[in-house]
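S.K.: Sharing run_21.txt below, compact mmCIF, C-alpha atoms and all ligand atoms:
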```
# COMPACT_ATOMS: atom_id res chain seq x y z
CA MET A 1287 0.42 78.22 15.81
CA ILE A 1288 0.27 74.83 14.10
CA ASP A 1289 1.31 74.85 10.45
CA VAL A 1290 -0.69 72.08 8.86
CA LYS A 1291 1.28 72.34 5.63
CA VAL A 1292 4.58 71.75 7.39
CA ALA A 1293 3.08 68.77 9.21
CA LYS A 1294 1.86 67.29 5.94
CA THR A 1295 5.24 67.67 4.23
CA GLU A 1296 6.84 65.99 7.18
CA LEU A 1297 4.32 63.21 6.94
CA GLU A 1298 5.21 62.70 3.30
CA LYS A 1299 8.79 61.93 4.33
CA VAL A 1300 7.66 59.21 6.72
CA ALA A 1301 8.82 55.89 5.26
CA ASN A 1302 7.78 53.26 7.81
CA LEU A 1303 5.54 52.56 10.76
CA GLU A 1304 8.25 53.48 13.30
CA GLN A 1305 8.74 56.94 11.80
CA LEU A 1306 4.98 57.31 11.70
CA GLU A 1307 4.84 56.68 15.42
CA SER A 1308 7.29 59.53 16.15
CA PHE A 1309 5.28 61.78 13.89
CA PHE A 1310 2.22 60.94 15.97
CA GLN A 1311 4.07 61.73 19.21
CA GLN A 1312 5.35 64.97 17.75
CA TYR A 1313 1.89 66.33 16.92
CA LEU A 1314 -0.92 64.33 18.38
CA GLY A 1315 0.63 62.43 21.33
CA LYS A 1316 0.38 63.49 25.00
CA ASN A 1317 3.18 66.03 24.61
CA GLY A 1318 2.61 66.65 20.93
CA SER A 1319 2.47 70.26 19.71
CA ILE A 1320 -1.27 70.18 18.97
CA THR A 1321 -2.13 68.72 22.36
CA LEU A 1322 0.06 71.30 24.10
CA ALA A 1323 -1.50 74.15 22.12
CA PHE A 1324 -4.92 73.09 23.36
CA LYS A 1325 -3.66 73.07 26.94
CA GLN A 1326 -2.19 76.57 26.62
CA MET A 1327 -5.56 78.01 25.67
CA GLY A 1328 -6.59 78.05 29.37
CA SER A 1329 -5.21 81.58 29.91
CA LEU A 1330 -7.04 83.18 26.97
CA SER A 1331 -10.21 85.27 26.92
CA PRO A 1332 -13.41 83.51 25.88
CA GLU A 1333 -13.42 85.16 22.41
CA GLU A 1334 -9.81 84.27 21.75
CA LYS A 1335 -10.54 80.77 23.02
CA LYS A 1336 -13.39 80.45 20.57
CA SER A 1337 -11.53 81.51 17.44
CA LEU A 1338 -8.28 79.80 18.33
CA GLY A 1339 -10.16 76.70 19.42
CA GLN A 1340 -11.83 76.44 16.07
CA GLU A 1341 -8.57 76.93 14.23
CA LEU A 1342 -6.80 74.35 16.37
CA THR A 1343 -9.57 71.79 16.00
CA GLU A 1344 -9.48 72.27 12.25
CA ALA A 1345 -5.70 71.78 12.21
CA LYS A 1346 -5.94 68.76 14.47
CA ASN A 1347 -8.55 67.12 12.27
CA GLN A 1348 -6.50 67.67 9.15
CA VAL A 1349 -3.31 66.29 10.68
CA ALA A 1350 -5.14 63.29 12.19
CA GLU A 1351 -6.81 62.56 8.88
CA ALA A 1352 -3.51 62.72 7.00
CA TYR A 1353 -1.94 60.56 9.70
CA GLU A 1354 -4.61 57.87 9.37
CA ALA A 1355 -4.35 57.80 5.59
CA LYS A 1356 -0.58 57.38 5.87
CA GLN A 1357 -1.03 54.63 8.43
CA LYS A 1358 -3.31 52.70 6.09
CA GLU A 1359 -0.90 53.14 3.19
CA LEU A 1360 2.09 51.90 5.22
CA SER A 1361 0.21 48.88 6.60
CA ILE A 1362 -0.76 47.76 3.10
CA GLU A 1363 2.85 48.20 1.98
CA GLN A 1364 4.03 46.10 4.88
CA ILE A 1365 1.57 43.28 4.14
CA ASN A 1366 2.57 43.24 0.47
CA ALA A 1367 6.25 43.11 1.37
CA GLN A 1368 5.54 40.17 3.66
CA LEU A 1369 3.59 38.33 0.96
CA ASN A 1370 6.35 38.91 -1.59
CA ALA A 1371 8.94 37.52 0.79
CA ASP A 1372 6.80 34.40 1.30
CA ILE A 1373 6.31 33.54 -2.36
CA VAL A 1374 7.14 29.91 -3.26
CA ASP A 1375 8.06 29.33 -6.86
CA SER A 1376 6.47 26.00 -7.56
CA SER A 1377 7.93 25.93 -11.05
CA LEU A 1378 11.48 25.68 -9.68
CA GLU A 1379 13.15 22.34 -10.35
CA THR A 1380 14.02 20.35 -7.26
CA ALA A 1381 16.58 17.62 -6.84
CA HIS A 1382 15.32 14.45 -8.57
CA VAL A 1383 14.06 11.84 -6.13
CA ASP A 1384 13.21 8.32 -7.31
CA GLN A 1385 9.73 7.25 -6.33
CA GLY A 1386 9.34 3.80 -4.84
CA SER A 1387 6.79 1.32 -6.10
CA PHE A 1388 5.53 -2.13 -5.24
CA SER A 1389 7.40 -5.11 -6.61
CA LEU A 1390 5.84 -7.09 -9.40
CA LEU A 1391 5.25 -10.03 -7.06
CA THR A 1392 3.38 -7.84 -4.60
CA ASN A 1393 1.19 -6.48 -7.37
CA ILE A 1394 0.45 -9.94 -8.72
CA ARG A 1395 -0.33 -11.23 -5.24
CA ARG A 1396 -2.70 -8.34 -4.56
CA ASP A 1397 -4.34 -8.83 -7.91
CA ALA A 1398 -4.83 -12.51 -7.05
CA GLU A 1399 -6.31 -11.51 -3.68
CA GLU A 1400 -8.86 -9.25 -5.37
CA VAL A 1401 -9.87 -12.07 -7.71
CA CYS A 1402 -10.20 -14.52 -4.81
CA LYS A 1403 -12.17 -12.04 -2.71
CA SER A 1404 -14.59 -11.51 -5.58
CA MET A 1405 -15.06 -15.31 -5.71
CA GLY A 1406 -15.89 -15.39 -2.01
CA PHE A 1407 -12.64 -16.70 -0.54
CA ILE A 1408 -11.42 -15.72 2.94
CA ILE A 1409 -7.80 -14.50 2.81
CA GLU A 1410 -5.24 -15.51 5.46
CA TYR A 1411 -1.45 -15.35 5.45
CA GLY A 1412 -0.51 -17.42 8.49
CA THR A 1413 3.00 -17.57 9.90
CA GLU A 1414 6.15 -18.46 8.01
CA VAL A 1415 7.71 -20.24 11.00
CA VAL A 1416 5.67 -23.36 11.76
CA THR A 1417 5.91 -26.63 13.67
CA LYS A 1418 6.68 -29.88 11.91
CA PHE A 1419 3.19 -30.98 12.92
CA GLU A 1420 1.60 -28.09 11.02
CA ASN A 1421 3.75 -28.49 7.95
CA PHE A 1422 3.68 -32.30 7.73
CA GLU A 1423 1.58 -34.39 10.12
CA SER A 1424 -1.52 -32.19 10.08
CA VAL A 1425 -1.68 -32.74 6.31
CA ASN A 1426 -1.14 -36.47 6.47
CA ILE A 1427 2.62 -36.53 5.93
CA PRO A 1428 4.14 -38.74 8.67
CA LEU A 1429 7.48 -37.50 9.96
CA THR A 1430 9.09 -40.69 8.69
CA HIS A 1431 7.77 -40.00 5.22
CA PRO A 1432 10.34 -39.13 2.53
CA ALA A 1433 8.20 -36.05 1.84
CA THR A 1434 9.83 -34.39 4.84
CA GLU A 1435 13.03 -34.52 2.79
CA MET A 1436 11.24 -34.27 -0.51
CA HIS A 1437 10.44 -30.69 0.38
CA ASP A 1438 14.04 -29.93 1.34
CA THR A 1439 13.02 -28.27 4.55
CA ILE A 1440 14.90 -25.42 6.23
CA TYR A 1441 15.13 -26.15 9.98
CA LEU A 1442 15.50 -23.50 12.67
CA GLN A 1443 17.40 -23.87 15.93
CA ASP A 1444 14.40 -22.81 18.01
CA LYS A 1445 12.14 -25.60 19.22
CA ASP A 1446 8.39 -25.93 19.64
CA LEU A 1447 6.67 -27.00 22.90
CA SER A 1448 7.19 -30.69 22.18
CA GLY A 1449 10.93 -30.14 21.72
CA GLU A 1450 10.87 -30.45 17.92
CA ASN A 1451 12.81 -27.94 15.86
CA LEU A 1452 10.66 -25.28 14.23
CA ILE A 1453 10.88 -24.98 10.46
CA LEU A 1454 10.15 -22.50 7.71
CA ARG A 1455 6.95 -23.70 6.06
CA THR A 1456 7.68 -25.50 2.82
CA HIS A 1457 4.15 -25.06 1.52
CA THR A 1458 1.05 -23.11 2.40
CA SER A 1459 -0.77 -26.42 2.93
CA SER A 1460 0.58 -26.02 6.47
CA MET A 1461 -2.40 -23.67 6.95
CA GLN A 1462 -5.13 -26.17 6.05
CA ASN A 1463 -5.55 -27.56 9.55
CA TYR A 1464 -5.51 -24.09 11.11
CA LEU A 1465 -8.09 -22.74 8.67
CA ILE A 1466 -10.54 -25.62 9.22
CA GLN A 1467 -10.23 -25.21 12.99
CA LYS A 1468 -10.54 -21.44 12.91
CA TYR A 1469 -13.48 -21.07 10.53
CA GLY A 1470 -15.18 -24.44 10.70
CA LEU A 1471 -17.12 -25.87 7.76
CA PRO A 1472 -18.18 -25.09 5.10
CA LEU A 1473 -14.96 -23.29 4.25
CA LYS A 1474 -13.57 -21.38 1.30
CA ALA A 1475 -10.19 -19.78 1.96
CA VAL A 1476 -6.92 -18.89 0.26
CA VAL A 1477 -3.42 -18.31 1.60
CA PRO A 1478 -1.38 -16.12 -0.76
CA SER A 1479 1.92 -16.18 1.02
CA ARG A 1480 5.63 -16.99 1.22
CA VAL A 1481 7.13 -20.45 1.53
CA TYR A 1482 10.77 -21.59 1.80
CA ARG A 1483 12.74 -24.55 0.53
CA TYR A 1484 16.35 -25.53 0.69
CA GLU A 1485 17.02 -25.36 -3.04
CA ASN A 1486 19.88 -24.78 -5.39
CA MET A 1487 18.81 -21.56 -6.98
CA ASP A 1488 18.41 -21.45 -10.73
CA ALA A 1489 16.14 -19.78 -13.26
CA HIS A 1490 13.15 -21.81 -12.04
CA HIS A 1491 13.92 -22.38 -8.35
CA ASP A 1492 14.38 -19.96 -5.49
CA VAL A 1493 14.68 -20.54 -1.73
CA MET A 1494 11.66 -18.30 -1.20
CA PHE A 1495 8.62 -18.13 -3.40
CA TYR A 1496 4.94 -17.32 -3.17
CA GLN A 1497 2.18 -19.88 -3.23
CA LEU A 1498 -1.52 -19.37 -3.43
CA GLU A 1499 -3.09 -22.16 -1.41
CA GLY A 1500 -6.80 -22.69 -1.73
CA ILE A 1501 -9.05 -24.87 0.37
CA VAL A 1502 -12.75 -25.42 -0.22
CA VAL A 1503 -14.82 -27.78 1.92
CA ASP A 1504 -18.56 -28.31 1.65
CA LYS A 1505 -21.12 -31.07 1.35
CA ASN A 1506 -20.90 -33.21 -1.80
CA LEU A 1507 -18.20 -31.31 -3.68
CA SER A 1508 -16.97 -33.16 -6.75
CA VAL A 1509 -13.99 -33.02 -9.12
CA ALA A 1510 -16.31 -31.38 -11.64
CA HIS A 1511 -16.89 -28.46 -9.25
CA PHE A 1512 -13.16 -28.28 -8.75
CA LYS A 1513 -12.23 -28.22 -12.45
CA ASP A 1514 -14.80 -25.55 -13.16
CA MET A 1515 -13.61 -23.36 -10.32
CA MET A 1516 -9.95 -23.76 -11.33
CA GLU A 1517 -10.70 -22.69 -14.91
CA LYS A 1518 -12.51 -19.61 -13.67
CA LEU A 1519 -9.80 -18.76 -11.15
CA LEU A 1520 -6.86 -19.29 -13.52
CA SER A 1521 -8.59 -17.35 -16.29
CA ALA A 1522 -9.08 -14.43 -13.91
CA LEU A 1523 -5.49 -14.63 -12.66
CA LEU A 1524 -3.94 -14.81 -16.12
CA HIS A 1525 -6.40 -12.38 -17.71
CA LYS A 1526 -7.07 -14.93 -20.47
CA LYS A 1527 -9.56 -17.71 -21.11
CA VAL A 1528 -7.72 -20.70 -19.69
CA GLU A 1529 -8.35 -24.37 -20.44
CA THR A 1530 -7.15 -26.89 -17.85
CA ARG A 1531 -6.11 -30.53 -17.89
CA MET A 1532 -5.96 -32.58 -14.71
CA ARG A 1533 -3.32 -35.31 -14.57
CA PRO A 1534 -2.86 -37.73 -11.68
CA GLY A 1535 -0.36 -36.37 -9.17
CA TYR A 1536 0.77 -37.48 -5.75
CA PHE A 1537 0.46 -35.42 -2.57
CA PRO A 1538 -0.19 -37.24 0.72
CA PHE A 1539 -2.90 -34.78 1.76
CA VAL A 1540 -5.19 -35.31 -1.23
CA GLU A 1541 -6.90 -38.33 -2.72
CA PRO A 1542 -7.13 -38.39 -5.65
CA GLY A 1543 -4.33 -35.88 -6.36
CA PHE A 1544 -3.82 -33.89 -9.54
CA GLU A 1545 -1.34 -31.78 -11.37
CA ILE A 1546 -3.24 -29.13 -13.25
CA ASP A 1547 -1.86 -27.88 -16.56
CA ALA A 1548 -3.12 -24.73 -18.20
CA ARG A 1549 -3.15 -23.54 -21.78
CA TYR A 1550 -4.77 -20.67 -23.58
CA GLU A 1551 -5.03 -19.04 -26.98
CA ILE A 1552 -2.01 -17.10 -28.20
CA TYR A 1553 -1.33 -15.12 -31.33
CA ASN A 1554 1.42 -16.56 -33.52
CA GLN A 1555 3.19 -13.61 -35.08
CA GLN A 1556 4.79 -15.70 -37.81
CA THR A 1557 1.66 -17.34 -39.13
CA GLY A 1558 -0.61 -14.48 -38.13
CA LYS A 1559 -3.02 -17.02 -36.68
CA LYS A 1560 -4.36 -17.77 -33.24
CA GLU A 1561 -3.21 -21.04 -31.70
CA LEU A 1562 -3.16 -22.79 -28.35
CA SER A 1563 -0.11 -22.33 -26.11
CA LYS A 1564 1.85 -25.27 -24.71
CA ARG A 1565 0.36 -26.79 -21.58
CA ILE A 1566 2.09 -25.41 -18.50
CA GLU A 1567 2.04 -27.15 -15.16
CA LEU A 1568 0.72 -24.55 -12.76
CA VAL A 1569 -1.08 -26.16 -9.88
CA GLY A 1570 -0.68 -29.03 -7.40
CA ALA A 1571 -4.14 -30.09 -6.29
CA GLY A 1572 -6.59 -32.74 -5.24
CA MET A 1573 -9.61 -33.79 -3.24
CA ILE A 1574 -8.87 -33.35 0.47
CA HIS A 1575 -7.78 -36.57 2.16
CA PRO A 1576 -10.15 -37.64 4.98
CA ASN A 1577 -7.19 -37.78 7.38
CA VAL A 1578 -6.69 -34.03 6.96
CA LEU A 1579 -10.28 -33.41 7.99
CA LYS A 1580 -9.96 -35.88 10.88
CA ASN A 1581 -6.77 -34.14 12.09
CA ALA A 1582 -8.78 -30.92 12.28
CA GLY A 1583 -11.53 -32.63 14.31
CA ILE A 1584 -14.10 -33.03 11.54
CA ASP A 1585 -16.49 -35.97 11.62
CA THR A 1586 -15.79 -37.63 8.27
CA ASN A 1587 -18.90 -39.80 8.53
CA GLU A 1588 -20.80 -36.72 7.49
CA TRP A 1589 -20.70 -35.97 3.78
CA TRP A 1590 -18.08 -33.28 3.94
CA SER A 1591 -15.76 -33.27 0.98
CA GLY A 1592 -13.48 -30.70 -0.47
CA PHE A 1593 -10.59 -29.80 -2.64
CA ALA A 1594 -7.31 -27.97 -2.20
CA PHE A 1595 -4.85 -26.46 -4.59
CA GLY A 1596 -1.45 -24.76 -4.52
CA ILE A 1597 -0.61 -22.30 -7.29
CA GLY A 1598 2.92 -20.94 -7.70
CA ILE A 1599 2.40 -17.18 -7.77
CA SER A 1600 5.94 -16.55 -9.04
CA ARG A 1601 5.35 -18.96 -11.88
CA LEU A 1602 2.06 -17.28 -12.65
CA ALA A 1603 3.79 -13.90 -12.80
CA ALA A 1604 6.59 -15.32 -14.95
CA MET A 1605 3.98 -16.71 -17.34
CA ARG A 1606 1.95 -13.57 -17.50
CA TYR A 1607 4.93 -11.36 -18.28
CA GLY A 1608 7.19 -13.81 -20.12
CA ILE A 1609 9.93 -13.66 -17.48
CA LYS A 1610 12.55 -16.34 -18.09
CA ASP A 1611 14.38 -16.24 -14.74
CA ILE A 1612 12.43 -16.02 -11.47
CA ARG A 1613 15.47 -14.73 -9.58
CA TYR A 1614 14.74 -11.29 -11.07
CA PHE A 1615 11.75 -11.04 -8.74
CA THR A 1616 13.89 -10.77 -5.65
CA ASN A 1617 17.46 -9.86 -6.62
CA GLY A 1618 16.82 -6.14 -6.32
CA ASP A 1619 17.87 -5.26 -9.88
CA LEU A 1620 16.31 -1.82 -10.28
CA ARG A 1621 16.24 -2.02 -14.07
CA PHE A 1622 13.85 -4.97 -13.71
CA ALA A 1623 11.87 -3.41 -10.88
CA LYS A 1624 11.42 -0.12 -12.74
CA SER A 1625 10.18 -1.76 -15.90
CA PHE A 1626 7.11 -2.90 -13.92
CA ALA A 1627 6.73 0.19 -11.72
N1 LIG A 1701 1.44 -28.15 -1.20
C1 LIG A 1701 1.70 -28.65 -2.51
C2 LIG A 1701 3.09 -28.17 -2.96
O1 LIG A 1701 3.63 -27.31 -2.34
C3 LIG A 1701 0.66 -28.16 -3.48
C4 LIG A 1701 -0.70 -28.68 -3.18
C5 LIG A 1701 -1.59 -27.93 -2.47
C6 LIG A 1701 -1.09 -29.94 -3.63
C7 LIG A 1701 -2.87 -28.40 -2.18
C8 LIG A 1701 -2.34 -30.42 -3.38
C9 LIG A 1701 -3.24 -29.66 -2.64
O2 LIG A 1701 3.62 -28.65 -3.92
```
Rewrite the structure from the file as structure tokens, please.
M.R.:
Amino acid sequence: MIDVKVAKTELEKVANLEQLESFFQQYLGKNGSITLAFKQMGSLSPEEKKSLGQELTEAKNQVAEAYEAKQKELSIEQINAQLNADIVDSSLETAHVDQGSFSLLTNIRRDAEEVCKSMGFIIEYGTEVVTKFENFESVNIPLTHPATEMHDTIYLQDKDLSGENLILRTHTSSMQNYLIQKYGLPLKAVVPSRVYRYENMDAHHDVMFYQLEGIVVDKNLSVAHFKDMMEKLLSALLHKKVETRMRPGYFPFVEPGFEIDARYEIYNQQTGKKELSKRIELVGAGMIHPNVLKNAGIDTNEWWSGFAFGIGISRLAAMRYGIKDIRYFTNGDLRFAKSFA
């Protein structure tokens, strides 16, 4: 006969799903004792069959029920063990990793781009390697002109289609011709990008620096429009109300040409009073020379006029943050970089 008690005590000893499986085989499987007991009933009389059958069924139900309960219990245990093994302790300290950040120049350039976009300028970067035509002749600088040396140009060995050596652009004005041809007129575009000059490096000069070139062409634009726009633009770039002064300046691609100086209110800590800063030369500028428009295929008999300007982004950044030496922008000194991260 099947002793349910014995089976249950045995079940209590079962510690994992494997042992549970052998328990099942031992009692309830094909050759398990309960299954065999049922089979052996064939030779009994109907009465015996009836009473024994009932007893056996009762025993079978009890064992199966206990088996299922144990199975549930072991499965839950197994899941919990798995979950415990998978726990990640997010409070554990990991090895310290420095996070990168954008350089100050990149941030200033992007800031300038946002300002220009909000004022309706198209933004283009152009290429840094250009032909002598693009850099000089297209903006009214003949190749014989001392300006080709004035800029202290860096020449490359590679040549353009006409056999002239390619150069690194010395100013973003090299984009003026391209922009007029690409977008046509009226035009309002800026080029916030890198330029190169063969310079002796010092606190104020670097072989690479960023310029923000602007070109605006429309019908009947005057110097008054220009001055007003420059004050708005510089104020937005420097985050201060800026006052400008335009002095005569010479650039072959503008007529008349200007140097634009900026000043703004500062707080004098010694006197405790507000005063105006010194005037700082920030922009080369002027009204676009008709030859520049002609070179780009514009009919100058029509009343197109325009202005262009070149702002030194590095100088702007140096002014905004009081940086005395512009070489810090690019020399990779992490102490400098991190202080603006
Ligand atoms: N390209 C001039 C420079 O690099 C700046 C400039 C731009 C002047 C546009 C006039 C008009 O110095």
S.K.: Just checking: using all atoms listed in the file, which residue out of A:Ile1440, A:Val1425, A:Leu1568, A:Ala1510 ends up closest to Met1494 (chain A)?
M.R.: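 Once distances to Met1494 (chain A) are computed over all atoms listed in the file, the minimum belongs to A:Ile1440.
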S.K.: Compare A:Ala1350, A:Val1569, A:Ile1612, A:Ile1501 by their minimum atom-to-atom distance to Gln1311 (chain A), counting only C-alpha atoms, and give me the closest one.
M.R.: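 Checking each candidate against Gln1311 (chain A), we get A:Ala1350 as the closest.
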S.K.: Of the candidates A:Leu1523, A:Ala1603, A:Ile1566, A:Val1477, which one gets nearest to ligand LIG 1701 (chain A) if we count all atoms listed in the file?
M.R.: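 Among the listed residues, the smallest separation from ligand LIG 1701 (chain A) belongs to A:Val1477.
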S.K.: When you draw a straight line from CA of Leu1297 (chain A) to CA of Lys1358 (chain A), how long is it in Å?
M.R.: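 It comes out at 13.0 Å.
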S.K.: Each side padded by 5 Å, which centre and which edge lengths in Å (one decimal) define the axis-aligned box around the listed atoms of ligand LIG 1701 (chain A)? Give them as lines of an AutoDock Vina configuration file.
M.R.:
```
center_x = 0.2
center_y = -28.9
center_z = -2.6
size_x = 16.9
size_y = 13.1
size_z = 12.7
```
S.K.: Find the nearest atom pair between each residue of chain A and ligand LIG 1701 (chain A) for residues within 9 Å, count all atoms listed in the file, give distances in Å to one decimal, sort rows by chain and ascending number, and present the table as CSV.
M.R.:
```
residue,atom,partner,partner_atom,distance
A:His1437,CA,A:LIG1701,O1,8.1
A:Thr1456,CA,A:LIG1701,O1,6.8
A:His1457,CA,A:LIG1701,O1,4.5
A:Thr1458,CA,A:LIG1701,N1,6.2
A:Ser1459,CA,A:LIG1701,N1,5.0
A:Ser1460,CA,A:LIG1701,N1,8.0
A:Gln1462,CA,A:LIG1701,C7,8.8
A:Val1481,CA,A:LIG1701,O1,8.6
A:Gln1497,CA,A:LIG1701,O1,7.6
A:Leu1498,CA,A:LIG1701,C5,8.6
A:Glu1499,CA,A:LIG1701,C5,6.1
A:Gly1500,CA,A:LIG1701,C7,6.9
A:Ile1501,CA,A:LIG1701,C7,7.6
A:Gly1535,CA,A:LIG1701,C6,8.5
A:Tyr1536,CA,A:LIG1701,C6,8.1
A:Phe1537,CA,A:LIG1701,C8,5.8
A:Pro1538,CA,A:LIG1701,C8,8.2
A:Phe1539,CA,A:LIG1701,C9,6.8
A:Val1540,CA,A:LIG1701,C8,6.1
A:Gly1543,CA,A:LIG1701,C8,6.5
A:Phe1544,CA,A:LIG1701,C8,7.2
A:Glu1545,CA,A:LIG1701,C6,8.0
A:Val1569,CA,A:LIG1701,C3,6.9
A:Gly1570,CA,A:LIG1701,C6,3.9
A:Ala1571,CA,A:LIG1701,C8,3.4
A:Gly1572,CA,A:LIG1701,C8,5.2
A:Met1573,CA,A:LIG1701,C9,7.6
A:Ile1574,CA,A:LIG1701,C9,7.4
A:Phe1593,CA,A:LIG1701,C9,7.4
A:Ala1594,CA,A:LIG1701,C9,4.4
A:Phe1595,CA,A:LIG1701,C7,3.7
A:Gly1596,CA,A:LIG1701,C5,3.8
A:Ile1597,CA,A:LIG1701,C3,7.1
A:Gly1598,CA,A:LIG1701,O1,8.4
```
S.K.: Using Å and a single decimal, report how far CA of Lys1335 (chain A) sits from CA of Glu1354 (chain A).
M.R.: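 Here the two named atoms are 27.3 Å from each other.
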S.K.: When you draw a straight line from CA of Lys1418 (chain A) to CA of Leu1452 (chain A), how long is it in Å?
M.R.: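 Computing it gives 6.5 Å between the two atoms.
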S.K.: Which one of A:Ser1625, A:Ser1479, A:Asn1587, A:Gln1368 sits closest to Arg1396 (chain A) if you count all atoms listed in the file?
M.R.: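 Once distances to Arg1396 (chain A) are computed over all atoms listed in the file, the minimum belongs to A:Ser1479.
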S.K.: Select, from A:Lys1316, A:His1382, A:Arg1480, A:Lys1356, the residue with the minimum atom-to-atom distance to Asp1492 (chain A), counting only C-alpha atoms.
M.R.: A:Arg1480
S.K.: Take the point (9.1, 67.2, 9.7) in the file's coordinates, draw a sphere of radius 12 Å around it, and report as an NGL selection string every protein, DNA or RNA residue with an atom inside or on it, counting only C-alpha atoms.
M.R.: :A and (1289-1300 or 1305-1306 or 1308-1310 or 1312-1313)
S.K.: Please list, as a ChimeraX atom specification, the residues that have an atom at most 12 Å away from (12.8, -9.2, -13.6) in the coordinates of this file, counting all atoms listed in the file.
M.R.: /A:1389-1391,1489,1600,1603-1604,1607-1627
S.K.: Go ahead and save the residues from that selection, with C-alpha atoms, as a PDB file, in the coordinates of the input.
M.R.:
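See part_8.pdb below for the written result:
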```
ATOM      1  CA  SER A1389       7.400  -5.110  -6.610  1.00  0.00           C
ATOM      2  CA  LEU A1390       5.840  -7.090  -9.400  1.00  0.00           C
ATOM      3  CA  LEU A1391       5.250 -10.030  -7.060  1.00  0.00           C
ATOM      4  CA  ALA A1489      16.140 -19.780 -13.260  1.00  0.00           C
ATOM      5  CA  SER A1600       5.940 -16.550  -9.040  1.00  0.00           C
ATOM      6  CA  ALA A1603       3.790 -13.900 -12.800  1.00  0.00           C
ATOM      7  CA  ALA A1604       6.590 -15.320 -14.950  1.00  0.00           C
ATOM      8  CA  TYR A1607       4.930 -11.360 -18.280  1.00  0.00           C
ATOM      9  CA  GLY A1608       7.190 -13.810 -20.120  1.00  0.00           C
ATOM     10  CA  ILE A1609       9.930 -13.660 -17.480  1.00  0.00           C
ATOM     11  CA  LYS A1610      12.550 -16.340 -18.090  1.00  0.00           C
ATOM     12  CA  ASP A1611      14.380 -16.240 -14.740  1.00  0.00           C
ATOM     13  CA  ILE A1612      12.430 -16.020 -11.470  1.00  0.00           C
ATOM     14  CA  ARG A1613      15.470 -14.730  -9.580  1.00  0.00           C
ATOM     15  CA  TYR A1614      14.740 -11.290 -11.070  1.00  0.00           C
ATOM     16  CA  PHE A1615      11.750 -11.040  -8.740  1.00  0.00           C
ATOM     17  CA  THR A1616      13.890 -10.770  -5.650  1.00  0.00           C
ATOM     18  CA  ASN A1617      17.460  -9.860  -6.620  1.00  0.00           C
ATOM     19  CA  GLY A1618      16.820  -6.140  -6.320  1.00  0.00           C
ATOM     20  CA  ASP A1619      17.870  -5.260  -9.880  1.00  0.00           C
ATOM     21  CA  LEU A1620      16.310  -1.820 -10.280  1.00  0.00           C
ATOM     22  CA  ARG A1621      16.240  -2.020 -14.070  1.00  0.00           C
ATOM     23  CA  PHE A1622      13.850  -4.970 -13.710  1.00  0.00           C
ATOM     24  CA  ALA A1623      11.870  -3.410 -10.880  1.00  0.00           C
ATOM     25  CA  LYS A1624      11.420  -0.120 -12.740  1.00  0.00           C
ATOM     26  CA  SER A1625      10.180  -1.760 -15.900  1.00  0.00           C
ATOM     27  CA  PHE A1626       7.110  -2.900 -13.920  1.00  0.00           C
ATOM     28  CA  ALA A1627       6.730   0.190 -11.720  1.00  0.00           C
TER      29      ALA A1627
END
```
S.K.: Closest to His1491 (chain A) among A:Thr1530, A:Ser1377, A:Thr1557, A:Arg1601, using all atoms listed in the file?
M.R.: A:Arg1601
